[in-house]
Amino acid sequence: MPSIELKKPVTNGAETVSTLTWRAIRLGDYPVVMTAVGSLAQGQLGAFSEDLLNLVAHFSGLPRAVVDEIDEVDGQPVLDSLADHLAAHMAKVKK
C-alpha cells in the first residue's frame, strides 16, 4: 500500500505516527471523495479544506484530531501523496 513518511511525527494516543499508509479505495469510499469534489466544484474553499482533512483521516485510518496535528511542513506532501493514491485508483478503474 502507498505511504508517506512524515518529517514531524504526530501522536495518536500513546503511539507516535511517523508514516501514513493509504488503504485501498473501495466503492463505499466514493461518497466521501465526492463530498470533497462537490465542495471544490461549488467554490466552497473552506468546506473543501475540511473535506481534504477528512479524506486524509478516512484513507489513513487516523482520527481526524490526529490529522489536524500534522505539521504544515508535511501538509502539502501528504495531500500530494493522497492525490497520487486517488489518481492511481482512478487510472486502474478506467481500464
# chains A, B, ... in the order shown; residues from 1 in each chain; ligands from 1
$ residues_around --residues "Val66 in chain A" --least-positions-apart "3" --cutoff "7 Å" --atoms "only C-alpha atoms" --output "list of chain:residue names"
A:Val10, A:Thr11, A:Asn12, A:Leu62, A:Pro63, A:Glu69
$ write_last_selection --atoms "C-alpha atoms" --output "PDB file, in the first residue's frame"
ATOM      1  CA  VAL A  10       2.230  13.093  15.318  1.00  0.00           C
ATOM      2  CA  THR A  11       0.868  11.226  18.310  1.00  0.00           C
ATOM      3  CA  ASN A  12      -2.181   9.012  18.311  1.00  0.00           C
ATOM      4  CA  LEU A  62      -6.246   8.052  11.811  1.00  0.00           C
ATOM      5  CA  PRO A  63      -8.743  10.033  13.876  1.00  0.00           C
ATOM      6  CA  GLU A  69      -1.960  17.847  14.285  1.00  0.00           C
TER       7      GLU A  69
END
$ residues_around --residues "Asp74 in chain A" --least-positions-apart "6" --cutoff "9 Å" --atoms "only C-alpha atoms" --output "list in words"
Glu5, Leu6, Lys7 and Lys8 of chain A
$ atom_distance --atom1 "CA of Ala36 in chain A" --atom2 "CA of Glu15 in chain A"
28.9 Å
$ atom_distance --atom1 "CA of Ala91 in chain A" --atom2 "CA of Ser49 in chain A"
24.2 Å
$ atom_distance --atom1 "CA of Arg23 in chain A" --atom2 "CA of Phe59 in chain A"
5.6 Å
$ residues_around --residues "Asp29 in chain A" --least-positions-apart "2" --cutoff "12 Å" --atoms "only C-alpha atoms" --output "list in words"
Arg23, Ala24, Ile25, Arg26, Leu27, Pro31, Val32, Val33, Met34, Thr35, Ala36, Asn54, Leu55, His58, Phe59, Leu86 and His89 of chain A
$ closest_residue --among "A:Val67, A:Met90, A:His85, A:Gly38" --to "Met1 in chain A" --atoms "only C-alpha atoms"
A:His85
$ closest_residue --among "A:Tyr30, A:Ala47, A:Ala65, A:Leu40" --to "Gly13 in chain A" --atoms "only C-alpha atoms"
A:Ala65
$ residues_around --residues "range 77-79 of chain A" --least-positions-apart "2" --cutoff "8 Å" --atoms "only C-alpha atoms" --output "ChimeraX atom specification"
/A:4,52,56,74-75,81-83
$ select_by_dssp --residues "chain A" --states "alpha helix (DSSP H)" --output "ChimeraX atom specification"
/A:30-41,45-60,64-67,72-94
$ write_last_selection --atoms "C-alpha atoms" --output "PDB file, in the first residue's frame"
ATOM      1  CA  TYR A  30     -16.863   7.326  -3.192  1.00  0.00           C
ATOM      2  CA  PRO A  31     -19.359   9.436  -1.172  1.00  0.00           C
ATOM      3  CA  VAL A  32     -16.500  10.804   0.957  1.00  0.00           C
ATOM      4  CA  VAL A  33     -14.493  11.644  -2.163  1.00  0.00           C
ATOM      5  CA  MET A  34     -17.499  13.158  -3.925  1.00  0.00           C
ATOM      6  CA  THR A  35     -18.223  15.417  -0.948  1.00  0.00           C
ATOM      7  CA  ALA A  36     -14.793  16.998  -1.421  1.00  0.00           C
ATOM      8  CA  VAL A  37     -15.277  17.223  -5.189  1.00  0.00           C
ATOM      9  CA  GLY A  38     -18.658  18.896  -4.683  1.00  0.00           C
ATOM     10  CA  SER A  39     -17.214  21.497  -2.312  1.00  0.00           C
ATOM     11  CA  LEU A  40     -14.458  22.321  -4.780  1.00  0.00           C
ATOM     12  CA  ALA A  41     -16.876  22.494  -7.721  1.00  0.00           C
ATOM     13  CA  LEU A  45     -12.867  26.520  -0.310  1.00  0.00           C
ATOM     14  CA  GLY A  46     -13.371  26.462   3.456  1.00  0.00           C
ATOM     15  CA  ALA A  47     -15.510  23.346   3.189  1.00  0.00           C
ATOM     16  CA  PHE A  48     -13.089  21.858   0.661  1.00  0.00           C
ATOM     17  CA  SER A  49     -10.136  22.263   3.036  1.00  0.00           C
ATOM     18  CA  GLU A  50     -12.118  20.486   5.761  1.00  0.00           C
ATOM     19  CA  ASP A  51     -13.092  17.769   3.289  1.00  0.00           C
ATOM     20  CA  LEU A  52      -9.427  17.230   2.381  1.00  0.00           C
ATOM     21  CA  LEU A  53      -8.558  16.689   6.026  1.00  0.00           C
ATOM     22  CA  ASN A  54     -11.491  14.285   6.310  1.00  0.00           C
ATOM     23  CA  LEU A  55     -10.118  12.379   3.295  1.00  0.00           C
ATOM     24  CA  VAL A  56      -6.691  12.121   4.929  1.00  0.00           C
ATOM     25  CA  ALA A  57      -8.333  10.752   8.079  1.00  0.00           C
ATOM     26  CA  HIS A  58     -10.573   8.413   6.093  1.00  0.00           C
ATOM     27  CA  PHE A  59      -7.836   6.827   3.988  1.00  0.00           C
ATOM     28  CA  SER A  60      -5.102   6.815   6.649  1.00  0.00           C
ATOM     29  CA  ARG A  64      -9.448  13.493  12.494  1.00  0.00           C
ATOM     30  CA  ALA A  65      -7.985  15.096  15.654  1.00  0.00           C
ATOM     31  CA  VAL A  66      -4.650  13.418  14.890  1.00  0.00           C
ATOM     32  CA  VAL A  67      -4.775  14.537  11.247  1.00  0.00           C
ATOM     33  CA  GLU A  72       2.400  22.365   7.961  1.00  0.00           C
ATOM     34  CA  VAL A  73       5.795  21.158   6.668  1.00  0.00           C
ATOM     35  CA  ASP A  74       4.090  17.805   5.945  1.00  0.00           C
ATOM     36  CA  GLY A  75       0.770  19.235   4.756  1.00  0.00           C
ATOM     37  CA  GLN A  76       1.429  19.577   1.039  1.00  0.00           C
ATOM     38  CA  PRO A  77       3.411  16.322   0.705  1.00  0.00           C
ATOM     39  CA  VAL A  78       0.601  14.435   2.472  1.00  0.00           C
ATOM     40  CA  LEU A  79      -2.042  15.929   0.174  1.00  0.00           C
ATOM     41  CA  ASP A  80       0.133  15.228  -2.889  1.00  0.00           C
ATOM     42  CA  SER A  81       0.559  11.616  -1.798  1.00  0.00           C
ATOM     43  CA  LEU A  82      -3.189  11.238  -1.260  1.00  0.00           C
ATOM     44  CA  ALA A  83      -3.874  12.797  -4.679  1.00  0.00           C
ATOM     45  CA  ASP A  84      -1.442  10.332  -6.282  1.00  0.00           C
ATOM     46  CA  HIS A  85      -3.195   7.458  -4.499  1.00  0.00           C
ATOM     47  CA  LEU A  86      -6.610   8.610  -5.743  1.00  0.00           C
ATOM     48  CA  ALA A  87      -5.282   9.184  -9.279  1.00  0.00           C
ATOM     49  CA  ALA A  88      -3.716   5.704  -9.395  1.00  0.00           C
ATOM     50  CA  HIS A  89      -7.036   4.218  -8.335  1.00  0.00           C
ATOM     51  CA  MET A  90      -8.961   6.155 -10.985  1.00  0.00           C
ATOM     52  CA  ALA A  91      -6.477   5.109 -13.678  1.00  0.00           C
ATOM     53  CA  LYS A  92      -6.978   1.472 -12.661  1.00  0.00           C
ATOM     54  CA  VAL A  93     -10.778   1.870 -12.711  1.00  0.00           C
ATOM     55  CA  LYS A  94     -10.734   3.410 -16.203  1.00  0.00           C
TER      56      LYS A  94
END
